[in-house]
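S.K.: Got a structure for you, written out below as structure tokens; questions coming shortly.
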Amino acid sequence: MDPPNPGEIYSFAIAAAASSSNPNSISISINTTSNSMGSSPPSTAATVATAAATVSSPTTTQQLSRYENQKRRDWNTFGQYLRNHRPPLALSRCSGAHVLEFLRYLDQFGKTKVHTHLCPFFGHPNPPAPCPCPLRQAWGSLDALIGRLRAAYEENGGNPESNPFGARAVRLYLREVRDSQAKARGISYEKKKRKRPPPPPPPPPSSAAPLS
């Protein structure tokens with residue numbers, strides 16, 4: 001083993017301790033031990049500055065937005081559904097019918113009460129008591145989900161012309177869910193049209209006397 005260099009023996013302990021306020025923060029601790037010689041290398045300060053500048057530079061990877069994170073989770077969920085399909089289904093063979101199967105599969109995890117025609121609260125927006133009607137995925141959630149999956153399909157190399165999430169059967173199904181839930185829950189999904197402000201009144205006629 002080589003003997004230690006004369007002078008100060010120093011070591012760097014670099015820990016990437018990401019805090020909640022600054023995920024790119026890097027902490028650097030420098031431990032120095034003096035030997036019997038008592039001298040320090042002349043390049044210690046320069047080495048510390050170089051190491052600090054290297055590790056403290058912010059990363060170029062930007063944090064994904066909330067929409068992008070949700071889209072990625074939805075895409076992974078759909079991929080897991082295809083792998084668990086019996087028989088397993090490749091994405092290239094996925095059609096609008098398989099998308100409808102996926103949407104009906106998600107209904108078991110729904111949290112929206114949809115009253116049946118036999119329920120006394122059918123069409124009641126605020127039922128006064130609980131009822132045994134089933135829980136379903138809300139139309140708004142399904143509509144947003146299909147929008148994200150449609151975009152993710154094309155971002156992952158899918159052909160826009162054969163996008164199963166944009167199939168006519170899927171659009172008709174979403175429209176049917178919207179209409180049936182609107183009647184069952186007594187609410188309207190129609191977007192309210194913004195009232196246009198009235199046009200400003202015309203300026204008053206000029207009162208200047210004509211020139212003689």
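FYI, nothing fancy with the structure tokens labels: chains A, B, ... in order, residues from 1 per chain, ligands from 1 as they appear.
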Could you pull the residues within 8 Å of segment 156-164 of chain A, counting only C-alpha atoms, minus those fewer than 2 positions along the same chain, as a PDB file with N, CA, C and O atoms, in the first residue's frame?

M.R.:
```
ATOM      1  N   CYS A  94     -55.677  -4.417 -30.870  1.00  0.00           N
ATOM      2  CA  CYS A  94     -56.726  -3.825 -30.042  1.00  0.00           C
ATOM      3  C   CYS A  94     -57.691  -3.029 -30.918  1.00  0.00           C
ATOM      4  O   CYS A  94     -57.277  -2.297 -31.823  1.00  0.00           O
ATOM      5  N   SER A  95     -58.969  -3.167 -30.649  1.00  0.00           N
ATOM      6  CA  SER A  95     -60.008  -2.486 -31.420  1.00  0.00           C
ATOM      7  C   SER A  95     -60.913  -1.703 -30.480  1.00  0.00           C
ATOM      8  O   SER A  95     -60.756  -1.726 -29.257  1.00  0.00           O
ATOM      9  N   GLY A  96     -61.879  -1.023 -31.084  1.00  0.00           N
ATOM     10  CA  GLY A  96     -62.829  -0.284 -30.273  1.00  0.00           C
ATOM     11  C   GLY A  96     -63.622  -1.175 -29.336  1.00  0.00           C
ATOM     12  O   GLY A  96     -63.992  -0.764 -28.234  1.00  0.00           O
ATOM     13  N   VAL A  99     -61.712  -1.631 -26.225  1.00  0.00           N
ATOM     14  CA  VAL A  99     -61.760  -0.424 -25.409  1.00  0.00           C
ATOM     15  C   VAL A  99     -63.057  -0.385 -24.607  1.00  0.00           C
ATOM     16  O   VAL A  99     -63.069  -0.007 -23.429  1.00  0.00           O
ATOM     17  N   ARG A 150     -56.223   8.216 -25.918  1.00  0.00           N
ATOM     18  CA  ARG A 150     -56.146   8.471 -27.361  1.00  0.00           C
ATOM     19  C   ARG A 150     -54.843   9.181 -27.711  1.00  0.00           C
ATOM     20  O   ARG A 150     -54.184   8.845 -28.711  1.00  0.00           O
ATOM     21  N   ALA A 152     -52.074   9.140 -25.793  1.00  0.00           N
ATOM     22  CA  ALA A 152     -50.956   8.255 -25.452  1.00  0.00           C
ATOM     23  C   ALA A 152     -50.747   7.191 -26.521  1.00  0.00           C
ATOM     24  O   ALA A 152     -49.609   6.796 -26.796  1.00  0.00           O
ATOM     25  N   TYR A 153     -51.826   6.729 -27.121  1.00  0.00           N
ATOM     26  CA  TYR A 153     -51.712   5.709 -28.172  1.00  0.00           C
ATOM     27  C   TYR A 153     -50.871   6.221 -29.331  1.00  0.00           C
ATOM     28  O   TYR A 153     -49.982   5.523 -29.832  1.00  0.00           O
ATOM     29  N   GLU A 154     -51.116   7.436 -29.758  1.00  0.00           N
ATOM     30  CA  GLU A 154     -50.370   8.003 -30.878  1.00  0.00           C
ATOM     31  C   GLU A 154     -48.951   8.379 -30.464  1.00  0.00           C
ATOM     32  O   GLU A 154     -48.023   8.290 -31.265  1.00  0.00           O
ATOM     33  N   GLY A 166     -60.449   6.300 -30.580  1.00  0.00           N
ATOM     34  CA  GLY A 166     -61.252   7.245 -31.340  1.00  0.00           C
ATOM     35  C   GLY A 166     -62.278   6.564 -32.217  1.00  0.00           C
ATOM     36  O   GLY A 166     -62.852   7.216 -33.097  1.00  0.00           O
ATOM     37  N   ALA A 167     -62.514   5.274 -31.971  1.00  0.00           N
ATOM     38  CA  ALA A 167     -63.471   4.528 -32.785  1.00  0.00           C
ATOM     39  C   ALA A 167     -64.894   5.059 -32.582  1.00  0.00           C
ATOM     40  O   ALA A 167     -65.222   5.605 -31.529  1.00  0.00           O
TER      41      ALA A 167
END
```

S.K.: Excluding same-chain residues fewer than 4 positions from Ile146 of chain A, what lies within 9 Å of it counting only C-alpha atoms, as a PyMOL selection string?

M.R.: chain A and resi 141-142+150-151+165-166+170

S.K.: Please identify all polymer residues within 7 Å of segment 102-117 of chain A, counting only C-alpha atoms, omitting same-chain residues fewer than 2 positions from it, and present them as number ranges by chain.

M.R.: A: 98-100, 119, 121-122, 133-138, 181, 184-185

S.K.: Name the residues in contact with Gly140 of chain A at a cut-off of 12 Å, using only C-alpha atoms, excluding same-chain residues fewer than 6 positions from it; report them as a ChimeraX atom specification.

M.R.: /A:110,112,146-147,174-175,177-179,181-182,188-190

S.K.: Report, in Å with one decimal, the straight-line distance from atom CA of Ser92 of chain A to atom CA of Tyr67 of chain A.

M.R.: 25.0 Å

S.K.: Can you work out the spacing between atom CA of Ala129 of chain A and atom CA of Asp143 of chain A in Å, to one decimal?

M.R.: 28.7 Å

S.K.: Quick one, how far is atom CA of Gly186 of chain A from atom CA of Pro132 of chain A?

M.R.: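 Taking atom CA of Gly186 of chain A as the start and atom CA of Pro132 of chain A as the end point, the length is 17.3 Å.
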